[in-house]
>>> print(open('entry.cif').read())   # mmCIF, C-alpha atoms
data_model
loop_
_atom_site.label_atom_id
_atom_site.label_comp_id
_atom_site.auth_asym_id
_atom_site.auth_seq_id
_atom_site.Cartn_x
_atom_site.Cartn_y
_atom_site.Cartn_z
CA MET A 9 33.34 42.14 20.73
CA LEU A 10 30.80 42.82 18.01
CA ARG A 11 33.63 43.64 15.63
CA LEU A 12 35.33 40.34 16.50
CA PHE A 13 32.13 38.43 15.72
CA GLY A 14 31.83 40.38 12.51
CA ARG A 15 35.37 39.45 11.53
CA VAL A 16 34.86 35.78 12.42
CA TRP A 17 31.61 35.72 10.44
CA GLU A 18 33.27 37.41 7.46
CA ASN A 19 36.13 34.91 7.42
CA PHE A 20 34.27 31.71 8.24
CA LYS A 21 30.65 32.31 7.26
CA GLU A 22 30.56 29.33 4.85
CA TYR A 23 31.75 26.97 7.57
CA ILE A 24 29.47 28.46 10.24
CA VAL A 25 26.43 28.07 7.98
CA LEU A 26 27.48 24.53 7.03
CA VAL A 27 27.86 23.44 10.65
CA LEU A 28 24.54 25.05 11.63
CA LEU A 29 22.65 23.38 8.78
CA LEU A 30 24.25 20.01 9.49
CA ILE A 31 23.22 20.28 13.15
CA ILE A 32 19.64 21.14 12.11
CA SER A 33 19.64 18.12 9.75
CA LEU A 34 20.85 15.78 12.49
CA VAL A 35 18.22 17.10 14.91
CA THR A 36 15.56 16.61 12.22
CA LEU A 37 16.65 12.99 11.84
CA SER A 38 15.60 12.36 15.42
CA LEU A 39 12.14 13.90 14.88
CA ASN A 40 10.93 11.38 12.28
CA GLN A 41 8.61 9.47 14.58
CA LYS A 42 6.86 12.56 16.06
CA PRO A 43 3.14 12.55 15.15
CA ALA A 44 3.20 16.24 14.19
CA VAL A 45 6.07 15.66 11.74
CA LYS A 46 4.25 12.65 10.28
CA LYS A 47 1.14 14.78 9.76
CA VAL A 48 3.07 17.55 7.97
CA ARG A 49 4.78 14.98 5.76
CA SER A 50 1.55 13.26 4.85
CA LEU A 51 0.10 16.65 3.83
CA ALA A 52 3.20 17.52 1.78
CA PHE A 53 3.44 14.27 -0.14
CA GLY A 54 -0.35 14.18 -0.63
CA SER A 55 -0.30 17.58 -2.34
CA PHE A 56 2.73 16.83 -4.47
CA ALA A 57 1.57 13.34 -5.44
CA ALA A 58 -1.39 14.92 -7.25
CA PHE A 59 1.07 16.47 -9.76
CA THR A 60 3.18 13.35 -9.95
CA SER A 61 0.16 11.18 -10.72
CA VAL A 62 -0.61 13.24 -13.86
CA VAL A 63 2.91 12.69 -15.24
CA SER A 64 2.81 9.07 -14.19
CA ASP A 65 -0.50 8.54 -16.04
CA VAL A 66 0.97 10.01 -19.24
CA ILE A 67 3.97 7.70 -19.01
CA ASN A 68 1.79 4.68 -18.29
CA VAL A 69 -0.40 5.28 -21.35
CA THR A 70 2.57 4.59 -23.65
CA GLY A 71 3.04 1.17 -22.14
CA VAL A 72 -0.64 0.25 -22.09
CA LYS A 73 -0.75 -1.37 -25.54
CA SER A 74 2.05 -3.86 -24.94
CA GLU A 75 0.80 -4.46 -21.44
CA ASN A 76 -2.69 -5.21 -22.76
CA GLU A 77 -1.33 -7.90 -25.06
CA LYS A 78 0.61 -9.42 -22.22
CA LEU A 79 -2.43 -9.30 -19.95
CA ARG A 80 -4.62 -10.98 -22.56
CA ARG A 81 -2.21 -13.89 -22.69
CA VAL A 82 -2.04 -14.05 -18.91
CA ASN A 83 -5.83 -13.85 -18.81
CA ALA A 84 -6.18 -16.90 -21.05
CA GLU A 85 -3.72 -18.86 -18.95
CA LEU A 86 -5.50 -17.80 -15.77
CA MET A 87 -8.86 -18.81 -17.20
CA LEU A 88 -7.57 -22.37 -17.62
CA GLN A 89 -6.19 -22.32 -14.09
CA VAL A 90 -9.42 -20.88 -12.69
CA SER A 91 -11.53 -23.65 -14.12
CA LYS A 92 -9.24 -26.18 -12.49
CA LEU A 93 -9.11 -24.25 -9.22
CA ARG A 94 -12.89 -23.92 -9.20
CA GLN A 95 -13.16 -27.65 -9.09
CA ASP A 96 -10.54 -27.81 -6.35
CA GLY A 97 -12.29 -24.96 -4.49
CA LEU A 98 -15.61 -26.75 -4.47
CA GLN A 99 -13.94 -29.86 -3.19
CA ASN A 100 -12.00 -27.79 -0.62
CA ALA A 101 -15.14 -26.04 0.66
CA GLU A 102 -16.83 -29.37 1.03
CA LEU A 103 -13.89 -30.80 2.96
CA LYS A 104 -13.59 -27.67 5.13
CA GLY A 105 -17.24 -27.91 5.90
CA LEU A 106 -16.75 -31.48 6.97
CA LEU A 107 -13.81 -30.46 9.21
CA GLY A 108 -15.52 -27.29 10.53
CA LEU A 109 -12.65 -24.95 9.54
CA LYS A 110 -13.18 -21.19 9.14
CA ASP A 111 -12.73 -19.68 5.68
CA THR A 112 -9.84 -17.23 5.85
CA THR A 113 -9.11 -16.63 2.19
CA ASN A 114 -11.39 -13.69 1.37
CA TYR A 115 -9.23 -10.59 1.57
CA PRO A 116 -10.22 -7.30 -0.07
CA LEU A 117 -7.80 -6.16 -2.77
CA ILE A 118 -7.54 -2.43 -3.49
CA PRO A 119 -5.93 -1.78 -6.91
CA ALA A 120 -3.31 0.99 -7.08
CA THR A 121 -0.75 2.50 -9.41
CA VAL A 122 2.77 3.44 -8.39
CA ILE A 123 3.14 7.12 -9.20
CA SER A 124 6.66 7.71 -7.91
CA LYS A 125 9.56 5.79 -6.48
CA THR A 126 12.59 6.52 -4.38
CA GLN A 127 15.03 4.11 -2.78
CA GLY A 128 12.97 1.88 -0.50
CA THR A 129 9.64 3.68 -0.88
CA ILE A 130 6.83 3.93 -3.44
CA THR A 131 3.98 6.41 -3.62
CA LEU A 132 0.55 4.97 -4.49
CA ASN A 133 -2.43 6.79 -6.01
CA ILE A 134 -4.85 5.59 -3.31
CA GLY A 135 -5.25 6.76 0.28
CA ASN A 136 -7.54 7.01 3.28
CA SER A 137 -10.59 7.64 1.09
CA ASN A 138 -10.05 4.26 -0.60
CA GLY A 139 -9.80 2.46 2.70
CA VAL A 140 -6.01 2.28 2.84
CA ARG A 141 -4.46 2.35 6.31
CA ALA A 142 -0.89 2.25 7.53
CA GLY A 143 0.27 -1.33 8.05
CA MET A 144 -1.59 -2.87 5.11
CA PRO A 145 0.50 -5.16 2.85
CA VAL A 146 1.16 -4.14 -0.76
CA ILE A 147 1.32 -7.00 -3.27
CA ASN A 148 1.39 -7.67 -6.99
CA ASP A 149 0.99 -10.80 -9.09
CA GLN A 150 4.50 -11.93 -8.14
CA GLY A 151 4.33 -11.52 -4.37
CA LEU A 152 4.86 -9.12 -1.52
CA VAL A 153 6.01 -5.62 -2.54
CA GLY A 154 5.98 -3.84 0.82
CA VAL A 155 3.87 -2.36 3.59
CA VAL A 156 1.92 0.91 3.68
CA TYR A 157 3.73 3.34 5.95
CA SER A 158 1.89 6.65 5.71
CA THR A 159 -1.39 7.80 4.16
CA SER A 160 -3.10 11.01 3.12
CA ASP A 161 -6.67 11.34 1.80
CA ASN A 162 -5.87 10.27 -1.77
CA PHE A 163 -2.30 8.97 -1.68
CA SER A 164 -0.12 6.70 0.39
CA ILE A 165 3.54 5.85 0.81
CA ALA A 166 4.66 2.25 1.19
CA ARG A 167 8.00 0.90 2.33
CA THR A 168 9.23 -1.75 -0.10
CA LEU A 169 11.22 -4.81 0.95
CA THR A 170 14.35 -2.85 -0.04
CA ASN A 171 13.78 -0.38 2.79
CA LEU A 172 16.27 -0.64 5.62
CA ASP A 173 13.58 0.05 8.22
CA LEU A 174 11.26 -2.78 7.17
CA LYS A 175 11.88 -6.04 9.00
CA LEU A 176 9.48 -8.97 8.47
CA THR A 177 9.02 -12.38 10.00
CA VAL A 178 9.19 -14.92 7.19
CA LYS A 179 9.11 -18.67 6.87
CA ASP A 180 10.76 -21.35 4.75
CA GLU A 181 7.77 -22.92 2.97
CA ARG A 182 9.38 -26.38 2.87
CA SER A 183 10.96 -26.72 6.31
CA ARG A 184 8.52 -24.30 8.10
CA ILE A 185 11.42 -22.50 9.82
CA ASP A 186 10.76 -18.88 10.83
CA GLY A 187 13.25 -16.00 10.73
CA VAL A 188 13.52 -12.24 10.53
CA MET A 189 14.15 -10.86 7.05
CA LYS A 190 15.59 -7.43 6.29
CA TRP A 191 17.40 -5.44 3.58
CA ASN A 192 21.13 -5.12 4.27
CA GLY A 193 21.89 -2.50 1.67
CA SER A 194 22.49 -4.86 -1.23
CA ASN A 195 20.45 -8.02 -0.54
CA LEU A 196 17.41 -9.34 1.24
CA VAL A 197 18.64 -11.58 4.05
CA ILE A 198 17.20 -13.67 6.84
CA ILE A 199 19.42 -12.96 9.82
CA ASN A 200 20.55 -15.10 12.74
CA VAL A 201 19.48 -18.46 11.32
CA PRO A 202 21.11 -21.22 13.40
CA LYS A 203 23.47 -23.34 11.28
CA THR A 204 21.62 -26.49 12.29
CA TYR A 205 18.37 -25.25 10.72
CA ASP A 206 17.21 -26.84 7.49
CA VAL A 207 17.33 -24.07 4.87
CA GLU A 208 18.50 -24.87 1.34
CA PRO A 209 19.05 -22.87 -1.85
CA GLY A 210 15.88 -22.93 -3.95
CA ASP A 211 13.49 -22.99 -0.98
CA ARG A 212 10.51 -20.65 -1.29
CA ILE A 213 10.20 -17.98 1.39
CA ILE A 214 6.77 -16.74 2.44
CA THR A 215 5.58 -14.38 5.17
CA SER A 216 5.13 -16.09 8.51
CA ASP A 217 1.96 -16.59 10.54
CA LEU A 218 3.98 -15.17 13.44
CA SER A 219 4.34 -11.78 11.73
CA SER A 220 2.58 -8.96 13.52
CA ILE A 221 2.60 -6.97 10.25
CA ILE A 222 1.50 -9.53 7.65
CA PRO A 223 -0.39 -12.43 9.22
CA VAL A 224 -1.24 -14.20 5.94
CA PRO A 225 1.25 -16.24 3.90
CA LEU A 226 2.43 -14.17 0.94
CA PRO A 227 5.26 -15.20 -1.39
CA VAL A 228 8.42 -13.19 -0.74
CA GLY A 229 11.31 -14.81 -2.60
CA ILE A 230 13.58 -17.74 -3.10
CA VAL A 231 16.68 -18.76 -1.16
CA LEU A 232 19.81 -17.92 -3.15
CA GLY A 233 22.33 -19.27 -0.70
CA LEU A 234 23.70 -19.24 2.79
CA SER A 235 26.55 -16.98 3.79
CA LYS A 236 29.67 -18.83 4.84
CA VAL A 237 30.08 -17.54 8.35
CA GLU A 238 33.27 -19.17 9.61
CA THR A 239 32.76 -18.36 13.26
CA GLY A 240 29.61 -18.29 15.37
CA ILE A 241 26.52 -20.41 15.32
CA PHE A 242 24.35 -18.37 12.97
CA ASN A 243 23.99 -18.21 9.21
CA GLU A 244 22.69 -15.41 7.04
CA VAL A 245 20.31 -16.59 4.32
CA LYS A 246 20.35 -14.57 1.11
CA ILE A 247 16.95 -14.18 -0.63
CA ARG A 248 16.10 -13.22 -4.22
CA PRO A 249 12.73 -11.43 -4.10
CA PHE A 250 10.00 -12.53 -6.52
CA VAL A 251 9.04 -8.90 -7.13
CA ASP A 252 11.07 -6.71 -9.48
CA PHE A 253 10.87 -3.46 -7.51
CA ILE A 254 12.30 -1.35 -10.34
CA ARG A 255 9.60 -2.33 -12.83
CA THR A 256 6.63 -2.54 -10.48
CA GLU A 257 3.87 -0.21 -11.71
CA HIS A 258 0.55 -1.76 -10.72
CA VAL A 259 -0.03 -3.18 -7.26
CA PHE A 260 -2.81 -4.15 -4.87
CA VAL A 261 -3.17 -3.10 -1.28
CA LEU A 262 -4.43 -6.00 0.78
CA GLY A 263 -7.20 -4.48 2.92
CA LEU A 264 -6.09 -6.26 5.99
CA ILE A 265 -4.54 -5.20 9.27
CA GLU A 266 -3.47 -7.62 11.94
CA ASN A 267 -6.40 -8.60 14.09
CA LYS A 268 -6.71 -6.25 17.09
CA GLN A 269 -8.55 -8.89 19.10
CA LYS A 270 -5.63 -11.27 18.65
CA ASP A 271 -3.09 -8.55 19.49
CA GLY A 272 -5.00 -7.62 22.63
CA LEU A 273 -5.24 -11.21 23.73
CA GLU A 274 -1.50 -11.77 23.25
CA LEU A 275 -0.57 -8.50 24.97
CA ASN A 276 -2.74 -9.36 27.96
CA PHE A 277 -1.11 -12.74 28.14
CA PHE A 278 2.42 -11.32 28.19
CA ASP A 279 1.45 -8.42 30.45
CA ARG A 280 0.16 -10.46 33.37
CA LYS A 281 1.86 -9.74 36.69
CA MET B 19 19.59 38.19 -9.25
CA ARG B 20 16.65 37.70 -6.87
CA SER B 21 14.56 36.14 -9.62
CA ASP B 22 17.42 33.70 -10.20
CA TYR B 23 17.27 32.67 -6.54
CA ILE B 24 13.52 32.10 -6.76
CA LEU B 25 13.96 30.24 -10.03
CA SER B 26 16.45 27.84 -8.40
CA ILE B 27 13.78 26.89 -5.84
CA LEU B 28 10.92 26.75 -8.34
CA LEU B 29 12.93 24.58 -10.72
CA PHE B 30 13.23 21.99 -7.98
CA PHE B 31 9.58 20.91 -8.32
CA PRO B 32 9.49 19.94 -12.02
CA VAL B 33 12.90 18.31 -11.61
CA LEU B 34 11.59 16.30 -8.65
CA VAL B 35 8.61 15.13 -10.72
CA ILE B 36 11.01 13.94 -13.44
CA GLN B 37 13.31 12.39 -10.81
CA THR B 38 10.54 10.32 -9.24
CA THR B 39 8.61 9.34 -12.38
CA ILE B 40 10.90 9.25 -15.43
CA MET B 41 14.34 8.60 -13.95
CA PRO B 42 13.40 5.17 -12.52
CA LEU B 43 12.61 4.11 -16.11
CA ILE B 44 16.25 4.60 -17.14
CA SER B 45 17.71 3.01 -14.02
CA ILE B 46 20.42 0.40 -14.50
CA ASN B 47 20.29 -2.41 -11.97
CA GLY B 48 18.46 -0.16 -9.53
CA ILE B 49 20.90 2.75 -9.91
CA VAL B 50 19.09 5.99 -10.68
CA PRO B 51 20.87 9.20 -11.76
CA ASP B 52 20.21 12.20 -9.51
CA LEU B 53 18.90 15.16 -11.50
CA ILE B 54 18.37 17.23 -8.36
CA LEU B 55 22.07 16.96 -7.55
CA ILE B 56 23.00 18.19 -11.04
CA LEU B 57 20.75 21.22 -10.50
CA LEU B 58 22.29 21.81 -7.07
CA VAL B 59 25.87 21.60 -8.36
CA PHE B 60 25.01 23.96 -11.20
CA TYR B 61 23.59 26.65 -8.90
CA SER B 62 26.32 26.17 -6.28
CA MET B 63 28.99 26.78 -8.91
CA LYS B 64 27.08 29.70 -10.33
CA ARG B 65 26.15 31.48 -7.09
CA GLY B 66 28.85 30.51 -4.60
CA GLN B 67 29.49 28.26 -1.63
CA LEU B 68 27.20 29.92 0.90
CA TYR B 69 24.29 29.85 -1.51
CA GLY B 70 25.08 26.26 -2.55
CA THR B 71 25.10 25.08 1.06
CA ALA B 72 21.77 26.74 1.85
CA LEU B 73 20.22 25.55 -1.42
CA GLY B 74 21.36 21.98 -0.71
CA PHE B 75 19.65 22.18 2.66
CA VAL B 76 16.40 23.46 1.13
CA TYR B 77 16.45 20.87 -1.68
CA GLY B 78 17.12 18.09 0.83
CA PHE B 79 14.35 19.26 3.14
CA LEU B 80 11.78 19.44 0.33
CA PHE B 81 12.88 16.06 -1.06
CA ASP B 82 12.57 14.33 2.31
CA LEU B 83 9.26 15.98 3.05
CA ILE B 84 7.67 15.13 -0.28
CA THR B 85 9.01 11.68 -1.11
CA GLY B 86 8.73 10.00 2.27
CA SER B 87 12.49 9.49 2.71
CA LEU B 88 13.89 9.58 6.21
CA LEU B 89 13.49 13.27 7.12
CA GLY B 90 16.95 14.79 7.58
CA SER B 91 18.94 12.24 5.54
CA THR B 92 18.80 14.06 2.19
CA MET B 93 19.03 17.42 4.00
CA LEU B 94 22.37 16.35 5.41
CA SER B 95 23.77 14.84 2.21
CA LYS B 96 22.63 17.62 -0.12
CA THR B 97 23.93 20.33 2.28
CA LEU B 98 27.37 18.73 2.14
CA ALA B 99 27.19 18.27 -1.63
CA GLY B 100 26.20 21.92 -2.11
CA PHE B 101 29.08 23.02 0.11
CA VAL B 102 31.63 20.98 -1.84
CA ALA B 103 30.27 22.14 -5.21
CA GLY B 104 30.55 25.74 -3.97
CA TYR B 105 34.34 25.40 -3.91
CA PHE B 106 34.22 25.54 -7.70
CA SER B 107 32.35 28.83 -7.92
CA ASN B 108 35.39 30.90 -8.87
CA GLU B 109 34.25 33.59 -11.31
CA ASN B 110 37.58 33.68 -13.09
CA LYS B 111 37.50 29.96 -13.81
CA ARG B 112 33.79 29.68 -14.61
CA GLU B 113 34.46 29.02 -18.31
CA LEU B 114 36.74 26.15 -17.36
CA TYR B 115 34.52 24.59 -14.70
CA PHE B 116 31.40 24.67 -16.84
CA LYS B 117 33.07 22.74 -19.65
CA SER B 118 31.33 19.38 -19.96
CA TYR B 119 34.12 17.14 -18.65
CA SER B 120 35.07 19.43 -15.73
CA PHE B 121 31.42 19.82 -14.76
CA ALA B 122 30.94 16.03 -14.94
CA LEU B 123 33.94 15.48 -12.64
CA ILE B 124 32.60 17.96 -10.09
CA VAL B 125 29.17 16.29 -10.28
CA LEU B 126 30.83 12.89 -9.82
CA MET B 127 32.62 14.06 -6.67
CA CYS B 128 29.52 15.69 -5.18
CA SER B 129 27.31 12.75 -6.13
CA VAL B 130 29.63 10.26 -4.44
CA ILE B 131 29.60 12.35 -1.26
CA ASP B 132 25.82 12.73 -1.46
CA SER B 133 25.18 9.03 -2.09
CA VAL B 134 27.57 7.77 0.58
CA VAL B 135 26.23 10.11 3.27
CA LYS B 136 22.63 9.31 2.38
CA SER B 137 23.34 5.58 2.33
CA PHE B 138 24.46 5.74 5.93
CA PHE B 139 20.92 6.64 6.93
CA THR B 140 18.70 4.99 4.36
CA THR B 141 20.07 1.99 2.49
CA ILE B 142 23.15 0.69 4.24
CA ASP B 143 23.23 -1.70 7.12
CA LEU B 144 26.12 -0.95 9.48
CA ASN B 145 27.42 -4.50 8.99
CA THR B 146 27.83 -3.92 5.24
CA SER B 147 31.39 -3.68 3.94
CA LEU B 148 33.13 -0.39 3.25
CA PHE B 149 33.70 -1.50 -0.35
CA ASN B 150 29.96 -1.93 -0.86
CA LEU B 151 29.32 1.47 0.68
CA LEU B 152 31.86 3.29 -1.46
CA PHE B 153 31.46 1.42 -4.73
CA GLN B 154 27.88 0.18 -5.00
CA GLN B 155 26.18 2.99 -3.11
CA GLY B 156 28.63 5.80 -3.87
CA MET B 157 30.61 5.40 -7.10
CA LEU B 158 27.99 3.76 -9.34
CA PRO B 159 25.21 6.35 -8.80
CA GLY B 160 27.93 9.02 -8.98
CA ILE B 161 29.20 7.84 -12.36
CA TYR B 162 25.69 7.55 -13.80
CA THR B 163 24.77 11.04 -12.58
CA ALA B 164 28.06 12.45 -13.94
CA VAL B 165 27.43 10.92 -17.38
CA LEU B 166 23.95 12.44 -17.46
CA SER B 167 25.32 15.82 -16.37
CA ILE B 168 27.51 15.92 -19.51
CA PHE B 169 24.35 15.99 -21.66
CA VAL B 170 22.69 18.56 -19.42
CA ILE B 171 25.60 21.02 -19.51
CA MET B 172 26.29 20.36 -23.20
CA PHE B 173 22.88 21.70 -24.19
CA TYR B 174 22.83 24.56 -21.70
CA PRO B 175 23.37 27.96 -23.39
CA LYS B 176 26.82 29.20 -22.34
CA ARG B 177 25.90 32.90 -22.37
CA SER B 178 23.41 32.26 -19.53
CA LEU B 179 26.31 31.41 -17.25
CA SER B 180 27.62 34.94 -17.01
#
>>> encode(input="entry.cif", output="structure tokens")
Amino acid sequence: MLRLFGRVWENFKEYIVLVLLLIISLVTLSLNQKPAVKKVRSLAFGSFAAFTSVVSDVINVTGVKSENEKLRRVNAELMLQVSKLRQDGLQNAELKGLLGLKDTTNYPLIPATVISKTQGTITLNIGNSNGVRAGMPVINDQGLVGVVYSTSDNFSIARTLTNLDLKLTVKDERSRIDGVMKWNGSNLVIINVPKTYDVEPGDRIITSDLSSIIPVPLPVGIVLGLSKVETGIFNEVKIRPFVDFIRTEHVFVLGLIENKQKDGLELNFFDRK
Amino acid sequence: MRSDYILSILLFFPVLVIQTTIMPLISINGIVPDLILILLVFYSMKRGQLYGTALGFVYGFLFDLITGSLLGSTMLSKTLAGFVAGYFSNENKRELYFKSYSFALIVLMCSVIDSVVKSFFTTIDLNTSLFNLLFQQGMLPGIYTAVLSIFVIMFYPKRSLS
């Protein structure tokens, strides 16, 4: 018997090892959501990100000069806008005061640098110690980049909009129609939009107030077109994101997590028996 | 021999740093060449199929663990890629296989397998067309990686292959 096993192993060892390793890989795929696995991963990427950040800093230094010039120009343009907005802000505050509305526009921004990228994820050089928590939105000057997924003490990983696992509730800014947006492998799309809904190419898409992940309106992209679905009652709306994910280097984490009080209230409402 | 085995694991870390920091800078339309795959194909051809399969598994595990990819996806794709690359580990034909164009073709084949398998788990929606899966997610990264592998193998000292 032992000899038979020995002979089988000798003849097919490559295939036996391959099958075993593939089975282990498939089993591992199902363990992704286990808290223990998440903890080990956050430790691993936290340690490695320290090395990556050094290389990333060196690379970034070379681009600093041209970026500085660009930023100076943007700064001047922003200064002009700020002076105008200040006037509008004062007027707005006065009007809000008259209407008794709450001010909801003060969100803490935590600056971060992207130190490494893979398909659908970015690693940031800030973590728990900077106040970053899983679920916080990541933005840049163009719009929404992604959502923080995992954190260690000094680093964090965020899923970008090009991650297959990230699905967001978004809204057409013009027609106020909500929908679920996801990455389909080659494009950002809003799925299952009834054909009767008013969505047109060129419309701006922002995150929806209904979103349990990002409750504030952040710019996401622009409608490129609607897929021509011959049958059925739904359309698929193709979106071009505002953010260039390949060239994104500097981002901000919006220090904001969906309000627990609101979540609790809604859960209680739906949970009544 | 043993030091070579350890070296193949140790080399993974600097290559991963380059892969995640420098390679995105030379991406074309979001397509990034895979340096780790080139390293895997090289060692699989040099040390045999069994070693290539196991090394692919280890590389995939470390990559998933460190970069935040879906744990298991790169393990699966790199294990398969290492296994396929191991078919070309014939000692008598080593000179032939390590010539730049042959090596690039082997890298292309392994890269397509690696990219397609990984796409199933990470970037592709099941409703996406087969053409998109094979061409956009498989062939394009494969071609880019193969082109890069020509430069890598061109400057590698040939006497180190024996």
>>> residues_around(input="entry.cif", residues="range 117-129 of chain B", least_positions_apart="6", cutoff="7 Å", atoms="all atoms listed in the file", output="list in words")
Leu55, Ile56, Val59, Ala99, Val102, Ala103, Gly160, Ile161, Thr163, Ala164, Val165, Ser167, Ile168, Ile171 and Met172 of chain B
>>> interface_residues(input="entry.cif", of="chain A", to="chain B", cutoff="8 Å", atoms="only C-alpha atoms", output="PDB file with C-alpha atoms, in the frame of the given file")
ATOM      1  CA  LYS A  21      30.650  32.310   7.260  1.00  0.00           C
ATOM      2  CA  GLU A  22      30.560  29.330   4.850  1.00  0.00           C
ATOM      3  CA  VAL A  25      26.430  28.070   7.980  1.00  0.00           C
ATOM      4  CA  LEU A  26      27.480  24.530   7.030  1.00  0.00           C
ATOM      5  CA  LEU A  29      22.650  23.380   8.780  1.00  0.00           C
ATOM      6  CA  LEU A  30      24.250  20.010   9.490  1.00  0.00           C
ATOM      7  CA  SER A  33      19.640  18.120   9.750  1.00  0.00           C
ATOM      8  CA  LEU A  34      20.850  15.780  12.490  1.00  0.00           C
ATOM      9  CA  VAL A  35      18.220  17.100  14.910  1.00  0.00           C
ATOM     10  CA  THR A  36      15.560  16.610  12.220  1.00  0.00           C
ATOM     11  CA  LEU A  37      16.650  12.990  11.840  1.00  0.00           C
ATOM     12  CA  LEU A  39      12.140  13.900  14.880  1.00  0.00           C
ATOM     13  CA  ASN A  40      10.930  11.380  12.280  1.00  0.00           C
ATOM     14  CA  ARG A  49       4.780  14.980   5.760  1.00  0.00           C
ATOM     15  CA  ALA A  52       3.200  17.520   1.780  1.00  0.00           C
ATOM     16  CA  PHE A  53       3.440  14.270  -0.140  1.00  0.00           C
ATOM     17  CA  PHE A  56       2.730  16.830  -4.470  1.00  0.00           C
ATOM     18  CA  PHE A  59       1.070  16.470  -9.760  1.00  0.00           C
ATOM     19  CA  THR A  60       3.180  13.350  -9.950  1.00  0.00           C
ATOM     20  CA  VAL A  63       2.910  12.690 -15.240  1.00  0.00           C
ATOM     21  CA  SER A  64       2.810   9.070 -14.190  1.00  0.00           C
ATOM     22  CA  ILE A  67       3.970   7.700 -19.010  1.00  0.00           C
ATOM     23  CA  ILE A 123       3.140   7.120  -9.200  1.00  0.00           C
ATOM     24  CA  SER A 124       6.660   7.710  -7.910  1.00  0.00           C
ATOM     25  CA  LYS A 125       9.560   5.790  -6.480  1.00  0.00           C
ATOM     26  CA  THR A 126      12.590   6.520  -4.380  1.00  0.00           C
ATOM     27  CA  GLN A 127      15.030   4.110  -2.780  1.00  0.00           C
ATOM     28  CA  GLY A 128      12.970   1.880  -0.500  1.00  0.00           C
ATOM     29  CA  THR A 129       9.640   3.680  -0.880  1.00  0.00           C
ATOM     30  CA  THR A 131       3.980   6.410  -3.620  1.00  0.00           C
ATOM     31  CA  ILE A 165       3.540   5.850   0.810  1.00  0.00           C
ATOM     32  CA  THR A 170      14.350  -2.850  -0.040  1.00  0.00           C
ATOM     33  CA  ASN A 171      13.780  -0.380   2.790  1.00  0.00           C
ATOM     34  CA  LEU A 172      16.270  -0.640   5.620  1.00  0.00           C
ATOM     35  CA  TRP A 191      17.400  -5.440   3.580  1.00  0.00           C
ATOM     36  CA  ASN A 192      21.130  -5.120   4.270  1.00  0.00           C
ATOM     37  CA  GLY A 193      21.890  -2.500   1.670  1.00  0.00           C
ATOM     38  CA  SER A 194      22.490  -4.860  -1.230  1.00  0.00           C
ATOM     39  CA  ILE A 254      12.300  -1.350 -10.340  1.00  0.00           C
ATOM     40  CA  ARG A 255       9.600  -2.330 -12.830  1.00  0.00           C
TER      41      ARG A 255
END
>>> atom_distance(input="entry.cif", atom1="CA of Asn136 in chain A", atom2="CA of Lys46 in chain A")
14.8 Å
>>> closest_residue(input="entry.cif", among="A:Gly71, A:Ser158, A:Glu85, A:Gly135", to="Pro43 in chain A", atoms="all atoms listed in the file")
A:Ser158
>>> residues_near_point(input="entry.cif", point="(6.4, -22.7, 4.0)", cutoff="9 Å", atoms="all atoms listed in the file", output="list in words")
Val178, Lys179, Asp180, Glu181, Arg182, Ser183, Arg184, Ile185, Asp186, Asp211, Arg212, Ile213, Ile214, Thr215, Ser216 and Pro225 of chain A
